[in-house]
$ cat model.csv   # CSV, C-alpha atoms
chain,number,residue,atom,x,y,z
S,1,GLN,CA,-3.5,28.9,-11.3
S,2,VAL,CA,-4.2,25.9,-9.1
S,3,GLN,CA,-2.1,22.8,-9.0
S,4,LEU,CA,-3.3,19.5,-7.6
S,5,VAL,CA,-1.0,16.6,-7.2
S,6,GLU,CA,-2.4,13.2,-6.2
S,7,SER,CA,-0.4,10.4,-4.6
S,8,GLY,CA,-0.9,7.1,-2.8
S,9,GLY,CA,-2.2,5.0,-5.6
S,10,GLY,CA,-0.8,1.5,-6.2
S,11,LEU,CA,-1.6,-2.2,-6.3
S,12,VAL,CA,-3.7,-3.7,-3.6
S,13,GLN,CA,-5.4,-7.0,-3.1
S,14,ALA,CA,-9.2,-7.2,-3.0
S,15,GLY,CA,-10.3,-6.4,0.5
S,16,GLY,CA,-7.3,-4.2,1.2
S,17,SER,CA,-7.0,-0.5,1.8
S,18,LEU,CA,-5.3,2.5,0.3
S,19,ARG,CA,-5.1,6.1,1.2
S,20,LEU,CA,-5.0,8.7,-1.5
S,21,SER,CA,-3.8,12.2,-1.0
S,22,CYS,CA,-4.0,15.4,-3.0
S,23,ALA,CA,-1.8,18.3,-2.4
S,24,ALA,CA,-3.2,21.7,-3.5
S,25,SER,CA,-1.5,25.0,-4.2
S,26,GLY,CA,-2.3,28.2,-6.0
S,27,ARG,CA,-5.4,29.6,-4.4
S,28,MET,CA,-7.1,29.7,-1.0
S,29,PHE,CA,-7.6,25.9,-0.6
S,30,SER,CA,-9.7,26.3,2.5
S,31,SER,CA,-12.4,28.2,0.6
S,32,TYR,CA,-13.2,25.6,-2.0
S,33,ALA,CA,-14.9,22.2,-1.9
S,34,MET,CA,-12.8,19.3,-3.1
S,35,GLY,CA,-13.8,16.1,-4.9
S,36,TRP,CA,-12.5,12.8,-5.9
S,37,PHE,CA,-13.4,11.2,-9.2
S,38,ARG,CA,-12.3,8.1,-11.0
S,39,GLN,CA,-12.1,6.7,-14.5
S,40,ALA,CA,-11.8,3.1,-15.5
S,41,PRO,CA,-10.7,2.0,-18.9
S,42,GLY,CA,-13.5,2.4,-21.5
S,43,LYS,CA,-15.7,4.2,-19.0
S,44,GLU,CA,-16.6,7.8,-18.3
S,45,ARG,CA,-15.2,9.7,-15.4
S,46,GLU,CA,-17.4,9.3,-12.4
S,47,PHE,CA,-17.9,11.0,-9.0
S,48,VAL,CA,-16.6,9.2,-5.9
S,49,ALA,CA,-16.7,11.7,-3.0
S,50,ALA,CA,-16.7,15.3,-2.2
S,51,ILE,CA,-16.1,17.5,0.9
S,52,SER,CA,-17.1,21.0,1.5
S,53,TRP,CA,-14.7,23.9,2.0
S,54,ASN,CA,-14.9,23.7,5.8
S,55,GLY,CA,-15.1,19.9,6.0
S,56,GLY,CA,-18.6,20.1,7.4
S,57,SER,CA,-20.4,18.3,4.6
S,58,THR,CA,-19.5,15.3,2.5
S,59,ALA,CA,-21.1,13.2,-0.2
S,60,TYR,CA,-20.3,9.8,-1.6
S,61,ALA,CA,-21.2,7.7,-4.6
S,62,GLY,CA,-23.5,4.9,-3.6
S,63,SER,CA,-20.9,2.3,-4.7
S,64,VAL,CA,-18.3,3.5,-2.2
S,65,LYS,CA,-20.5,4.7,0.7
S,66,GLY,CA,-19.5,3.0,3.9
S,67,ARG,CA,-16.1,1.9,2.5
S,68,PHE,CA,-14.5,5.2,1.5
S,69,THR,CA,-13.9,8.3,3.6
S,70,ILE,CA,-13.0,11.8,2.4
S,71,SER,CA,-11.2,14.2,4.6
S,72,ARG,CA,-9.3,17.4,4.4
S,73,ASP,CA,-6.6,19.3,6.2
S,74,ASN,CA,-7.0,23.1,5.6
S,75,VAL,CA,-3.7,23.9,7.3
S,76,ARG,CA,-1.6,21.6,5.1
S,77,ASN,CA,-3.8,22.1,2.0
S,78,LEU,CA,-4.4,18.4,1.6
S,79,VAL,CA,-7.4,16.3,0.8
S,80,HIS,CA,-7.4,12.5,1.5
S,81,LEU,CA,-9.5,9.6,0.3
S,82,GLN,CA,-9.3,6.6,2.6
S,83,MET,CA,-10.4,3.5,0.7
S,84,ASN,CA,-11.2,0.3,2.6
S,85,SER,CA,-12.6,-3.1,1.5
S,86,LEU,CA,-11.4,-2.4,-2.0
S,87,LYS,CA,-13.1,-4.4,-4.8
S,88,SER,CA,-12.0,-5.1,-8.3
S,89,GLU,CA,-14.5,-2.6,-9.6
S,90,ASP,CA,-12.7,0.1,-7.7
S,91,ALA,CA,-9.7,-0.1,-10.0
S,92,ALA,CA,-9.4,3.1,-11.9
S,93,VAL,CA,-7.4,6.3,-12.2
S,94,TYR,CA,-8.4,8.5,-9.4
S,95,TYR,CA,-8.4,12.3,-9.8
S,96,CYS,CA,-8.8,15.0,-7.2
S,97,ALA,CA,-10.6,18.2,-8.3
S,98,SER,CA,-11.3,21.7,-6.9
S,99,ASP,CA,-14.8,23.1,-7.0
S,100,GLY,CA,-15.1,26.2,-9.1
S,101,VAL,CA,-17.4,28.0,-6.7
S,102,ARG,CA,-16.0,29.6,-3.6
S,103,ARG,CA,-17.6,28.4,-0.3
S,104,ARG,CA,-20.4,26.5,-2.1
S,105,LEU,CA,-23.1,25.7,0.6
S,106,VAL,CA,-23.8,22.2,-0.7
S,107,VAL,CA,-21.1,19.9,-2.2
S,108,THR,CA,-21.7,19.0,-5.8
S,109,GLU,CA,-21.2,15.7,-7.6
S,110,THR,CA,-21.3,17.3,-11.0
S,111,ILE,CA,-18.0,17.0,-12.9
S,112,ASP,CA,-18.5,20.3,-14.8
S,113,GLU,CA,-18.6,22.2,-11.5
S,114,TYR,CA,-15.0,21.4,-10.8
S,115,ASP,CA,-12.5,23.7,-12.6
S,116,TYR,CA,-9.1,22.3,-11.7
S,117,TRP,CA,-7.9,18.7,-11.8
S,118,GLY,CA,-4.9,16.7,-10.9
S,119,GLN,CA,-3.1,14.4,-13.2
S,120,GLY,CA,-4.5,11.3,-11.5
S,121,THR,CA,-3.2,8.3,-9.6
S,122,GLN,CA,-3.7,4.7,-10.6
S,123,VAL,CA,-5.4,2.2,-8.3
S,124,THR,CA,-5.2,-1.4,-9.2
S,125,VAL,CA,-7.0,-4.1,-7.3
S,126,SER,CA,-6.1,-7.7,-7.7
S,127,SER,CA,-8.5,-10.5,-7.0

$ encode --input "model.csv" --output "structure tokens"
Amino acid sequence: QVQLVESGGGLVQAGGSLRLSCAASGRMFSSYAMGWFRQAPGKEREFVAAISWNGGSTAYAGSVKGRFTISRDNVRNLVHLQMNSLKSEDAAVYYCASDGVRRRLVVTETIDEYDYWGQGTQVTVSS
């Protein structure tokens, strides 16, 4: 059983920054890629960013590239999402998720490839 707990969400003005964190427990965190996804009201959950098991590879959705940065700490079992220059369209519930494949060579953006999910943290952006 894997537990993922997100934190760091909140209300921020457009142009501001937030740093989301996800604490993982339950299996060897350092062997699995991690991803961040988000879901806005009335929309499907979408990929935001992913990082490989060793941190050597990352991927970003086009809409956040250059503004968001994903990182991980394999000692503390944490994954972070630094979000800068936030826009109103970034408002959503943000979820972290763990890849279902151990030591996948290339990070995946496919939702179905992630087998454990956190409960989500709300990000609200005011204009």

$ closest_residue --input "model.csv" --among "S:Gly8, S:Pro41, S:Gly35, S:Gly62" --to "Glu113 in chain S" --atoms "all atoms listed in the file"
S:Gly35

$ residues_near_point --input "model.csv" --point "(-9.6, 13.3, 0.6)" --cutoff "10 Å" --atoms "only C-alpha atoms" --output "VMD selection string"
chain S and resid 6 19 to 23 34 to 36 49 to 51 68 to 73 78 to 83 96

$ atom_distance --input "model.csv" --atom1 "CA of Gly15 in chain S" --atom2 "CA of Glu44 in chain S"
24.4 Å

$ residues_around --input "model.csv" --residues "Val75 in chain S" --least-positions-apart "4" --cutoff "12 Å" --atoms "only C-alpha atoms" --output "list in words"
Ala23, Ala24, Ser25, Met28, Phe29, Ser30, Ser31, Asn54 and Val79 of chain S

$ closest_residue --input "model.csv" --among "S:Ser85, S:Thr108, S:Ser52, S:Gln13" --to "Gly66 in chain S" --atoms "all atoms listed in the file"
S:Ser85

$ closest_residue --input "model.csv" --among "S:Ser17, S:Phe37, S:Tyr94, S:Arg67" --to "Val125 in chain S" --atoms "only C-alpha atoms"
S:Ser17

$ atom_distance --input "model.csv" --atom1 "CA of Ile111 in chain S" --atom2 "CA of Lys65 in chain S"
18.5 Å

$ residues_around --input "model.csv" --residues "Gly16 in chain S" --least-positions-apart "2" --cutoff "8 Å" --atoms "all atoms listed in the file" --output "ChimeraX atom specification"
/S:12-14,18,84-86

$ write_last_selection --input "model.csv" --atoms "C-alpha atoms" --output "PDB file, in the frame of the given file"
ATOM      1  CA  VAL S  12      -3.700  -3.700  -3.600  1.00  0.00           C
ATOM      2  CA  GLN S  13      -5.400  -7.000  -3.100  1.00  0.00           C
ATOM      3  CA  ALA S  14      -9.200  -7.200  -3.000  1.00  0.00           C
ATOM      4  CA  LEU S  18      -5.300   2.500   0.300  1.00  0.00           C
ATOM      5  CA  ASN S  84     -11.200   0.300   2.600  1.00  0.00           C
ATOM      6  CA  SER S  85     -12.600  -3.100   1.500  1.00  0.00           C
ATOM      7  CA  LEU S  86     -11.400  -2.400  -2.000  1.00  0.00           C
TER       8      LEU S  86
END

$ atom_distance --input "model.csv" --atom1 "CA of Gln119 in chain S" --atom2 "CA of Leu4 in chain S"
7.6 Å

$ closest_residue --input "model.csv" --among "S:Gly42, S:Ala59, S:Leu11, S:Tyr32" --to "Ala97 in chain S" --atoms "all atoms listed in the file"
S:Tyr32

$ closest_residue --input "model.csv" --among "S:Val48, S:Val101, S:Ala91, S:Val5" --to "Asn77 in chain S" --atoms "all atoms listed in the file"
S:Val5

$ closest_residue --input "model.csv" --among "S:Ala92, S:Asn74, S:Val64, S:Gly55" --to "Arg104 in chain S" --atoms "all atoms listed in the file"
S:Gly55
